[in-house]
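Everything below belongs to entry-v6.pdb, which stores PDB, C-alpha atoms.
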ATOM      1  CA  VAL A   1    -104.087  67.239 -85.232
ATOM      2  CA  ASN A   2    -101.258  67.478 -87.750
ATOM      3  CA  GLN A   3    -102.667  64.582 -89.750
ATOM      4  CA  PHE A   4    -106.098  66.186 -89.772
ATOM      5  CA  MET A   5    -104.708  69.596 -90.787
ATOM      6  CA  ASN A   6    -102.576  68.050 -93.535
ATOM      7  CA  LYS A   7    -105.613  66.210 -94.860
ATOM      8  CA  TYR A   8    -107.656  69.439 -94.939
ATOM      9  CA  PRO A   9    -105.276  72.293 -95.867
ATOM     10  CA  GLU A  10    -108.091  74.793 -96.543
ATOM     11  CA  LEU A  11    -109.480  74.215 -93.055
ATOM     12  CA  LYS A  12    -105.986  74.749 -91.638
ATOM     13  CA  LYS A  13    -105.737  78.002 -93.584
ATOM     14  CA  CYS A  14    -109.123  79.163 -92.224
ATOM     15  CA  ILE A  15    -108.264  78.271 -88.620
ATOM     16  CA  LEU A  16    -104.869  79.980 -88.768
ATOM     17  CA  GLY A  17    -106.385  83.037 -90.446
ATOM     18  CA  PHE A  18    -109.096  83.320 -87.800
ATOM     19  CA  GLY A  19    -106.559  82.886 -84.996
ATOM     20  CA  THR A  20    -104.314  85.581 -86.427
ATOM     21  CA  ARG A  21    -107.207  88.046 -86.875
ATOM     22  CA  TYR A  22    -108.497  87.265 -83.369
ATOM     23  CA  LEU A  23    -105.117  87.886 -81.713
ATOM     24  CA  THR A  24    -104.624  91.059 -83.737
ATOM     25  CA  TYR A  25    -108.043  92.276 -82.613
ATOM     26  CA  ILE A  26    -107.387  91.500 -78.941
ATOM     27  CA  CYS A  27    -104.122  93.448 -79.190
ATOM     28  CA  GLN A  28    -106.035  96.342 -80.776
ATOM     29  CA  PHE A  29    -108.533  96.226 -77.886
ATOM     30  CA  PHE A  30    -105.723  96.542 -75.331
ATOM     31  CA  ASP A  31    -104.050  99.327 -77.337
ATOM     32  CA  HIS A  32    -107.330 101.271 -77.375
ATOM     33  CA  LEU A  33    -107.883 100.547 -73.681
ATOM     34  CA  GLN A  34    -104.462 101.926 -72.798
ATOM     35  CA  LYS A  35    -104.936 104.986 -75.037
ATOM     36  CA  ASP A  36    -108.479 105.702 -73.765
ATOM     37  CA  LYS A  37    -108.058 104.778 -70.090
ATOM     38  CA  ASP A  38    -108.227 108.371 -68.785
ATOM     39  CA  HIS A  39    -111.356 109.154 -70.837
ATOM     40  CA  ILE A  40    -112.988 105.891 -69.754
ATOM     41  CA  GLU A  41    -112.345 106.667 -66.085
ATOM     42  CA  LYS A  42    -113.565 110.256 -66.451
ATOM     43  CA  TYR A  43    -116.632 109.809 -68.670
ATOM     44  CA  LEU A  44    -117.796 106.232 -68.087
ATOM     45  CA  LEU A  45    -116.733 105.534 -64.512
ATOM     46  CA  SER A  46    -117.405 108.985 -62.974
ATOM     47  CA  GLY A  47    -113.751 109.462 -62.037
ATOM     48  CA  ARG A  48    -113.233 105.990 -60.526
ATOM     49  CA  GLU A  49    -109.880 104.499 -61.432
ATOM     50  CA  PHE A  50    -109.071 100.967 -62.442
ATOM     51  CA  HIS A  51    -105.656  99.358 -62.751
ATOM     52  CA  LYS A  52    -106.285  96.202 -64.700
ATOM     53  CA  ILE A  53    -108.817  94.133 -66.584
ATOM     54  CA  THR A  54    -109.796  91.055 -64.583
ATOM     55  CA  SER A  55    -111.735  89.274 -67.342
ATOM     56  CA  ILE A  56    -112.770  89.655 -70.952
ATOM     57  CA  HIS A  57    -115.461  87.853 -72.923
ATOM     58  CA  THR A  58    -115.796  87.783 -76.693
ATOM     59  CA  ASN A  59    -118.311  86.266 -79.113
ATOM     60  CA  LEU A  60    -121.049  88.491 -77.701
ATOM     61  CA  SER A  61    -122.170  89.885 -81.041
ATOM     62  CA  ASP A  62    -122.054  89.588 -84.771
ATOM     63  CA  ARG A  63    -118.597  89.947 -86.256
ATOM     64  CA  HIS A  64    -117.651  93.224 -87.925
ATOM     65  CA  HIS A  65    -114.838  94.303 -90.227
ATOM     66  CA  GLY A  66    -112.699  91.180 -90.482
ATOM     67  CA  GLY A  67    -113.983  89.268 -87.459
ATOM     68  CA  LYS A  68    -114.114  92.036 -84.860
ATOM     69  CA  MET A  69    -116.772  91.633 -82.184
ATOM     70  CA  VAL A  70    -118.024  93.264 -79.012
ATOM     71  CA  ILE A  71    -115.788  92.620 -76.002
ATOM     72  CA  ARG A  72    -117.091  92.625 -72.429
ATOM     73  CA  ALA A  73    -114.350  93.685 -70.011
ATOM     74  CA  GLU A  74    -114.518  93.693 -66.231
ATOM     75  CA  THR A  75    -112.123  95.922 -64.301
ATOM     76  CA  ASP A  76    -110.514  95.423 -60.913
ATOM     77  CA  SER A  77    -112.842  98.179 -59.635
ATOM     78  CA  GLY A  78    -115.813  95.934 -60.441
ATOM     79  CA  ASP A  79    -117.033  97.990 -63.393
ATOM     80  CA  VAL A  80    -118.100  96.305 -66.612
ATOM     81  CA  LEU A  81    -117.384  97.930 -69.959
ATOM     82  CA  PHE A  82    -118.241  96.983 -73.506
ATOM     83  CA  TYR A  83    -115.796  97.698 -76.301
ATOM     84  CA  LYS A  84    -117.581  97.967 -79.641
ATOM     85  CA  PRO A  85    -115.691  97.735 -82.945
ATOM     86  CA  HIS A  86    -117.832 100.423 -84.581
ATOM     87  CA  SER A  87    -118.980 103.942 -83.843
ATOM     88  CA  VAL A  88    -121.470 104.254 -80.995
ATOM     89  CA  LYS A  89    -122.901 107.560 -82.247
ATOM     90  CA  ASN A  90    -126.249 105.849 -82.816
ATOM     91  CA  GLU A  91    -126.496 104.898 -79.144
ATOM     92  CA  ILE A  92    -125.714 108.477 -78.131
ATOM     93  CA  PHE A  93    -128.284 109.872 -80.570
ATOM     94  CA  PHE A  94    -130.968 107.381 -79.539
ATOM     95  CA  GLN A  95    -130.451 108.220 -75.858
ATOM     96  CA  LYS A  96    -130.797 111.952 -76.580
ATOM     97  CA  LEU A  97    -133.872 111.378 -78.719
ATOM     98  CA  SER A  98    -135.566 109.034 -76.252
ATOM     99  CA  SER A  99    -134.762 111.357 -73.318
ATOM    100  CA  TRP A 100    -136.318 114.262 -75.186
ATOM    101  CA  PHE A 101    -139.344 112.191 -76.199
ATOM    102  CA  MET A 102    -139.827 110.866 -72.651
ATOM    103  CA  GLY A 103    -139.578 114.433 -71.357
ATOM    104  CA  GLN A 104    -142.393 115.437 -73.724
ATOM    105  CA  CYS A 105    -144.461 112.690 -72.053
ATOM    106  CA  GLY A 106    -143.601 113.930 -68.546
ATOM    107  CA  LEU A 107    -141.155 111.079 -67.866
ATOM    108  CA  CYS A 108    -137.433 110.681 -67.578
ATOM    109  CA  ALA A 109    -135.329 108.093 -69.402
ATOM    110  CA  TYR A 110    -132.392 106.103 -68.118
ATOM    111  CA  GLU A 111    -129.146 107.181 -69.749
ATOM    112  CA  TYR A 112    -125.966 105.139 -69.577
ATOM    113  CA  PRO A 113    -122.464 106.443 -70.295
ATOM    114  CA  VAL A 114    -121.198 106.034 -73.866
ATOM    115  CA  LEU A 115    -117.831 107.145 -75.254
ATOM    116  CA  ASP A 116    -117.547 107.367 -79.046
ATOM    117  CA  LYS A 117    -114.052 107.210 -80.517
ATOM    118  CA  GLY A 118    -114.984 107.288 -84.191
ATOM    119  CA  ARG A 119    -114.376 103.798 -85.569
ATOM    120  CA  TYR A 120    -114.972 102.160 -82.171
ATOM    121  CA  GLY A 121    -116.507 103.019 -78.826
ATOM    122  CA  TRP A 122    -116.881 102.192 -75.147
ATOM    123  CA  VAL A 123    -120.121 101.692 -73.235
ATOM    124  CA  LYS A 124    -120.638 101.187 -69.510
ATOM    125  CA  ALA A 125    -122.742  98.089 -68.881
ATOM    126  CA  VAL A 126    -126.339  98.530 -67.799
ATOM    127  CA  SER A 127    -127.268  96.116 -65.031
ATOM    128  CA  ALA A 128    -130.584  94.316 -64.943
ATOM    129  CA  LYS A 129    -132.697  95.391 -61.992
ATOM    130  CA  GLU A 130    -136.178  94.327 -60.880
ATOM    131  CA  CYS A 131    -139.072  96.679 -60.321
ATOM    132  CA  GLU A 132    -139.746  97.032 -56.607
ATOM    133  CA  THR A 133    -143.356  98.227 -56.791
ATOM    134  CA  GLN A 134    -146.440  97.807 -58.944
ATOM    135  CA  LYS A 135    -146.122 101.487 -59.952
ATOM    136  CA  GLN A 136    -142.579 100.895 -61.228
ATOM    137  CA  ALA A 137    -143.767  97.921 -63.289
ATOM    138  CA  GLU A 138    -146.522 100.061 -64.807
ATOM    139  CA  GLN A 139    -144.010 102.826 -65.563
ATOM    140  CA  TYR A 140    -141.688 100.249 -67.146
ATOM    141  CA  PHE A 141    -144.346  99.089 -69.634
ATOM    142  CA  PHE A 142    -145.481 102.642 -70.347
ATOM    143  CA  ARG A 143    -141.901 103.650 -71.153
ATOM    144  CA  TYR A 144    -141.434 100.457 -73.163
ATOM    145  CA  GLY A 145    -144.395 101.421 -75.348
ATOM    146  CA  ILE A 146    -142.948 104.876 -75.939
ATOM    147  CA  LEU A 147    -139.571 103.423 -76.930
ATOM    148  CA  LEU A 148    -141.228 100.872 -79.226
ATOM    149  CA  CYS A 149    -143.030 103.739 -80.936
ATOM    150  CA  LEU A 150    -139.704 105.489 -81.524
ATOM    151  CA  VAL A 151    -137.927 102.438 -82.912
ATOM    152  CA  TRP A 152    -140.925 101.694 -85.138
ATOM    153  CA  LEU A 153    -140.928 105.265 -86.489
ATOM    154  CA  PHE A 154    -137.226 105.002 -87.329
ATOM    155  CA  GLY A 155    -137.329 101.406 -88.593
ATOM    156  CA  VAL A 156    -134.828 100.115 -86.051
ATOM    157  CA  GLY A 157    -133.896  96.453 -86.400
ATOM    158  CA  ASP A 158    -132.006  93.938 -84.257
ATOM    159  CA  LEU A 159    -134.068  94.519 -81.134
ATOM    160  CA  HIS A 160    -134.317  91.282 -79.184
ATOM    161  CA  GLY A 161    -134.015  90.124 -75.583
ATOM    162  CA  GLU A 162    -130.245  90.591 -75.427
ATOM    163  CA  ASN A 163    -130.519  94.212 -76.603
ATOM    164  CA  ILE A 164    -133.249  95.297 -74.176
ATOM    165  CA  ILE A 165    -132.345  95.465 -70.497
ATOM    166  CA  ALA A 166    -134.891  95.934 -67.731
ATOM    167  CA  HIS A 167    -133.319  98.364 -65.266
ATOM    168  CA  GLY A 168    -136.070  98.818 -62.703
ATOM    169  CA  GLU A 169    -138.774 101.024 -64.173
ATOM    170  CA  TYR A 170    -136.585 101.757 -67.214
ATOM    171  CA  PRO A 171    -136.428  99.631 -70.344
ATOM    172  CA  VAL A 172    -132.968 100.304 -71.754
ATOM    173  CA  PHE A 173    -132.340  99.638 -75.435
ATOM    174  CA  VAL A 174    -128.674  98.906 -76.057
ATOM    175  CA  ASP A 175    -126.791  98.103 -79.255
ATOM    176  CA  MET A 176    -128.487 100.655 -81.461
ATOM    177  CA  GLU A 177    -126.110  99.922 -84.337
ATOM    178  CA  PHE A 178    -129.058  99.523 -86.740
ATOM    179  CA  PHE A 179    -130.745 102.767 -85.678
TER     180      PHE A 179
END
Give the structure from the file, written as structure tokens.
Amino acid sequence: VNQFMNKYPELKKCILGFGTRYLTYICQFFDHLQKDKDHIEKYLLSGREFHKITSIHTNLSDRHHGGKMVIRAETDSGDVLFYKPHSVKNEIFFQKLSSWFMGQCGLCAYEYPVLDKGRYGWVKAVSAKECETQKQAEQYFFRYGILLCLVWLFGVGDLHGENIIAHGEYPVFVDMEFF
């Protein structure tokens, strides 16, 4: 490895720079987790406590602001959270807008807990869930059409299979960063 790194000093510089930024970011994640723990338990986990993070996964998204990316964290209580290195105000706004719009159509929308902290945010994971009846499947596609109308009207980008979760009769659009 040393021979390789000495032969390619720019590559060594890139690798060390990435490693340093990555470790700094992971430390920032844990600092924010410690600072926000009470709010996370209250607003995202409905008062359920957790004591530690049992696993984290990175490289789940595009990199932002010097290599920062979405982090998926699982707690010892079994809850899954996403830490996002940017404001999540768009997700909050889109949920309010889609709930209002669905209400105008006589339907309800699925809302998931989101906690905006300004330059970053926390989101409780939405689990995939199958429709149990034909009626639920029909409702799913009806709601999907309504949501597609909204994102088309607002010119939303970055909607793909990883950012749309089927939660029973509810299509749930997550990662509304480009809203």
* **Picked residues, the PyMOL selection byres ((chain A and resi 100-103) around 12), expected as a ChimeraX atom specification** => /A:93-99,104-111,139,142-151,170-171
* Asked: What does the distance between CA of Asn90 (chain A) and CA of Asp38 (chain A) come to in Å, to one decimal place?
  -> 23.0 Å
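The spacing separating CA of Lys37 (chain A) from CA of Ser127 (chain A) amounts to 21.7 Å.
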* Can you list, as number ranges by chain, the residues that the PyMOL selection byres ((chain A and resi 72) around 12) selects here? -> A: 26, 29, 53-61, 69-71, 73-75, 79-85, 122-126
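Distance-wise, CA of Phe30 (chain A) and CA of Ser46 (chain A) end up 21.1 Å apart.
Evaluated against the shown file, the PyMOL selection byres ((chain A and resi 169) around 8) gives A:Glu130, A:Cys131, A:Gln136, A:Ala137, A:Glu138, A:Gln139, A:Tyr140, A:Ala166, A:His167, A:Gly168, A:Tyr170, A:Pro171.
Closest approach to Asp36 (chain A) among A:Ile165, A:Leu159, A:Leu115, A:Leu153 is made by A:Leu115 (distances from all atoms listed in the file).
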